[in-house]
Amino acid sequence: MFKNVASQKFYVYAYDTATNAPKTGDSGNITAYIAKDFGSVTALTDTGASEIDNTNAKGFYVFDATQAETNADVILVSGKSSTSGVVVLGAPACVFTFPNKFTTLVIDSAGLADANMVKMGPTGSGAAQTARDVGASVLVSRGTSTGQISVTSGIVLASMTHINGDATAASNLGKTTRAIVRCTASGTPSTTSIPTSACNPAGAAADQFKGRIITFDADTLTTALRGQSTDITASTNSSTPTFTVTALTTPPVSTDTFSIT
C-alpha cells in the first residue's frame with residue numbers, strides 16, 4: 001500500500017462463531033477501524049463494506065480508504081460486526097505503507113506509462129523534460145523538429161552541413177556530386193560507341209560530355225566492365241546521348257549502367 005494516496009482498499013474477515021464458518025451477507029453490519037502509527041483507533045470514513053462474493057474468499061469485506069487514512073507508515077486494521085457471534089479481523093491486521101513516488105500515473109492506450117522527467121541529476125528542480133530532451137543517447141523520436149530524426153520508408157534522411165568542421169567543404173562536395181551523370185546503355189553498344197536510354201542530368205548539346213570519364217558500376221550487368229573506366233571523345237546532341245569513347249575491353253550490353261564524372 002502507498003502512503004498518503006486515496007482510493008486504496010482495506011480488507012476485513014468476518015467469522016461466525018455459532019456455525020464455525022465464514023460469515024457472509026453481513027456487509028451492512030460491519031464497521032472497519034484503523035490506528036495510524038499505533039495511535040488512537042478510529043472508524044473508517046467508508047461505512048458501507050462491499051462483500052467479496054467468491055467461492056474461495058467467503059467472509060471477506062472491502063472498504064475504500066481516504067488519502068488521510070493512508071497517511072501513516074504503519075496502519076493497524078480491525079473490524080466489528082453488530083451481528084451477534086460474529087468476529088471481525090483485519091486482513092492483514094498490520095499494513096506497512098510505501099512512500100508515494102507517483103502522485104498520478106497516466107497509462108496510454110498501448111498500456112505504457114506517460115511520465116515527464118523534471119531534472120536529471122542528484123538534486124534541484126527544473127522544467128519538465130521529455131525523453132527527446134534528455135538526448136539522442138537515451139531516446140530519439142521520429143519527426144522533423146529539433147532533436148528528432150526524419151525517417152521515410154525506414155531510411156534516415158540526413159543533411160551534412162560540415163566536413164571536418166568546414167561548411168564550405170560540405171557545400172562544394174554537394175555541388176560536385178550533383179554534377180555526376182547517371183546513364184543506362186541501350187541498343188547494341190560497341191567497345192567505342194555507347195547509345196543510352198536514360199541519362200540524368202540529360203544531354204542538351206553536342207559534345208557536352210566530351211573529355212569526361214565513364215566508369216561502369218560495380219554491379220553492372222556485364223561482369224568484365226564492372227569498375228572499368230574510359231574517356232568520352234564525343235557525344236551527340238540528345239537528352240539520351242550516344243557516347244564515343246576510347247575502346248573498352250568488352251562491349252557493353254543494353255541495361256549496363258555507369259556514371260560520368
# chains A, B, ... in the order shown; residues from 1 in each chain; ligands from 1

call {"tool": "select_by_dssp", "arguments": {"residues": "stretch 140-171 of chain A", "states": "strand (DSSP E or B)", "output": "list in words"}}
result
Ser141, Arg142, Gln148, Ile149, Ser150, Val151, Thr152, Ile155, Val156, Leu157, Ile163 and Asp166 of chain A

call {"tool": "residues_around", "arguments": {"residues": "A:Ala57", "least_positions_apart": "5", "cutoff": "12 Å", "atoms": "only C-alpha atoms", "output": "number ranges by chain"}}
result
A: 11-14, 21-24, 51-52, 62, 91

call {"tool": "closest_residue", "arguments": {"among": "A:Thr146, A:Thr230, A:Thr19, A:Thr31", "to": "A:Thr246", "atoms": "only C-alpha atoms"}}
result
A:Thr230

call {"tool": "residues_around", "arguments": {"residues": "A:Ala224", "least_positions_apart": "5", "cutoff": "10 Å", "atoms": "only C-alpha atoms", "output": "number ranges by chain"}}
result
A: 216, 248-252

call {"tool": "residues_around", "arguments": {"residues": "A:Asp46", "least_positions_apart": "2", "cutoff": "9 Å", "atoms": "only C-alpha atoms", "output": "PyMOL selection string"}}
result
chain A and resi 31-32+43-44+48-49+63-66

call {"tool": "write_last_selection", "arguments": {"atoms": "N, CA and C atoms", "output": "PDB file, in the first residue's frame"}}
result
ATOM      1  N   THR A  31     -18.264  -2.611  10.662  1.00  0.00           N
ATOM      2  CA  THR A  31     -17.535  -1.343  10.683  1.00  0.00           C
ATOM      3  C   THR A  31     -16.043  -1.652  10.769  1.00  0.00           C
ATOM      4  N   ALA A  32     -15.248  -0.961   9.943  1.00  0.00           N
ATOM      5  CA  ALA A  32     -13.793  -1.148   9.963  1.00  0.00           C
ATOM      6  C   ALA A  32     -13.146  -0.006  10.738  1.00  0.00           C
ATOM      7  N   ALA A  43     -12.916   4.893  13.390  1.00  0.00           N
ATOM      8  CA  ALA A  43     -13.671   4.188  12.349  1.00  0.00           C
ATOM      9  C   ALA A  43     -13.337   4.775  10.979  1.00  0.00           C
ATOM     10  N   LEU A  44     -13.296   3.911   9.973  1.00  0.00           N
ATOM     11  CA  LEU A  44     -13.084   4.378   8.616  1.00  0.00           C
ATOM     12  C   LEU A  44     -14.231   5.262   8.156  1.00  0.00           C
ATOM     13  N   GLY A  48     -19.773   1.596   4.332  1.00  0.00           N
ATOM     14  CA  GLY A  48     -20.511   0.594   3.562  1.00  0.00           C
ATOM     15  C   GLY A  48     -19.590  -0.444   2.986  1.00  0.00           C
ATOM     16  N   ALA A  49     -19.400  -1.542   3.683  1.00  0.00           N
ATOM     17  CA  ALA A  49     -18.499  -2.589   3.216  1.00  0.00           C
ATOM     18  C   ALA A  49     -19.066  -3.260   1.974  1.00  0.00           C
ATOM     19  N   PHE A  63     -13.235  -2.191   2.144  1.00  0.00           N
ATOM     20  CA  PHE A  63     -13.565  -0.793   2.397  1.00  0.00           C
ATOM     21  C   PHE A  63     -12.613   0.096   1.602  1.00  0.00           C
ATOM     22  N   ASP A  64     -13.108   1.256   1.148  1.00  0.00           N
ATOM     23  CA  ASP A  64     -12.264   2.252   0.486  1.00  0.00           C
ATOM     24  C   ASP A  64     -11.681   3.191   1.532  1.00  0.00           C
ATOM     25  N   ALA A  65     -10.369   3.465   1.426  1.00  0.00           N
ATOM     26  CA  ALA A  65      -9.703   4.369   2.362  1.00  0.00           C
ATOM     27  C   ALA A  65      -9.501   5.733   1.722  1.00  0.00           C
ATOM     28  N   THR A  66      -9.644   6.789   2.508  1.00  0.00           N
ATOM     29  CA  THR A  66      -9.371   8.138   2.021  1.00  0.00           C
ATOM     30  C   THR A  66      -7.860   8.369   2.039  1.00  0.00           C
TER      31      THR A  66
END

call {"tool": "residues_around", "arguments": {"residues": "stretch 152-160 of chain A", "least_positions_apart": "2", "cutoff": "12 Å", "atoms": "only C-alpha atoms", "output": "VMD selection string"}}
result
chain A and resid 141 to 144 148 to 150 162 to 174

call {"tool": "write_last_selection", "arguments": {"atoms": "N, CA and C atoms", "output": "compact mmCIF listing (two decimals), in the first residue's frame"}}
result
# COMPACT_ATOMS: atom_id res chain seq x y z
N SER A 141 13.25 10.49 -31.05
CA SER A 141 11.93 10.26 -31.61
C SER A 141 11.91 10.62 -33.09
N ARG A 142 10.89 10.11 -33.78
CA ARG A 142 10.76 10.33 -35.21
C ARG A 142 10.00 11.63 -35.47
N GLY A 143 10.50 12.44 -36.40
CA GLY A 143 9.84 13.67 -36.76
C GLY A 143 10.80 14.61 -37.45
N THR A 144 10.39 15.87 -37.63
CA THR A 144 11.22 16.85 -38.33
C THR A 144 11.59 18.04 -37.45
N GLN A 148 14.81 15.54 -33.36
CA GLN A 148 14.13 14.39 -33.94
C GLN A 148 14.83 13.97 -35.23
N ILE A 149 14.55 12.74 -35.66
CA ILE A 149 15.14 12.19 -36.88
C ILE A 149 14.04 11.96 -37.89
N SER A 150 14.25 12.43 -39.12
CA SER A 150 13.28 12.23 -40.20
C SER A 150 13.54 10.89 -40.86
N HIS A 162 28.63 20.17 -42.58
CA HIS A 162 30.06 20.43 -42.40
C HIS A 162 30.89 19.19 -42.70
N ILE A 163 32.09 19.39 -43.25
CA ILE A 163 33.08 18.31 -43.38
C ILE A 163 34.32 18.77 -42.64
N ASN A 164 34.74 18.01 -41.64
CA ASN A 164 35.88 18.38 -40.81
C ASN A 164 35.72 19.80 -40.26
N GLY A 165 34.47 20.15 -39.91
CA GLY A 165 34.20 21.46 -39.34
C GLY A 165 34.08 22.58 -40.35
N ASP A 166 34.13 22.26 -41.64
CA ASP A 166 34.11 23.29 -42.69
C ASP A 166 32.82 23.22 -43.49
N ALA A 167 31.99 24.26 -43.42
CA ALA A 167 30.72 24.29 -44.14
C ALA A 167 30.94 24.43 -45.65
N THR A 168 32.00 25.15 -46.06
CA THR A 168 32.29 25.32 -47.49
C THR A 168 32.64 24.00 -48.13
N ALA A 169 33.41 23.17 -47.42
CA ALA A 169 33.78 21.86 -47.96
C ALA A 169 32.55 21.01 -48.20
N ALA A 170 31.60 21.04 -47.26
CA ALA A 170 30.37 20.27 -47.44
C ALA A 170 29.56 20.80 -48.62
N SER A 171 29.50 22.12 -48.77
CA SER A 171 28.77 22.72 -49.88
C SER A 171 29.39 22.35 -51.22
N ASN A 172 30.74 22.43 -51.30
CA ASN A 172 31.44 22.09 -52.54
C ASN A 172 31.24 20.64 -52.92
N LEU A 173 31.28 19.75 -51.93
CA LEU A 173 31.07 18.32 -52.20
C LEU A 173 29.66 18.09 -52.75
N GLY A 174 28.68 18.78 -52.17
CA GLY A 174 27.32 18.63 -52.64
C GLY A 174 27.17 19.05 -54.09
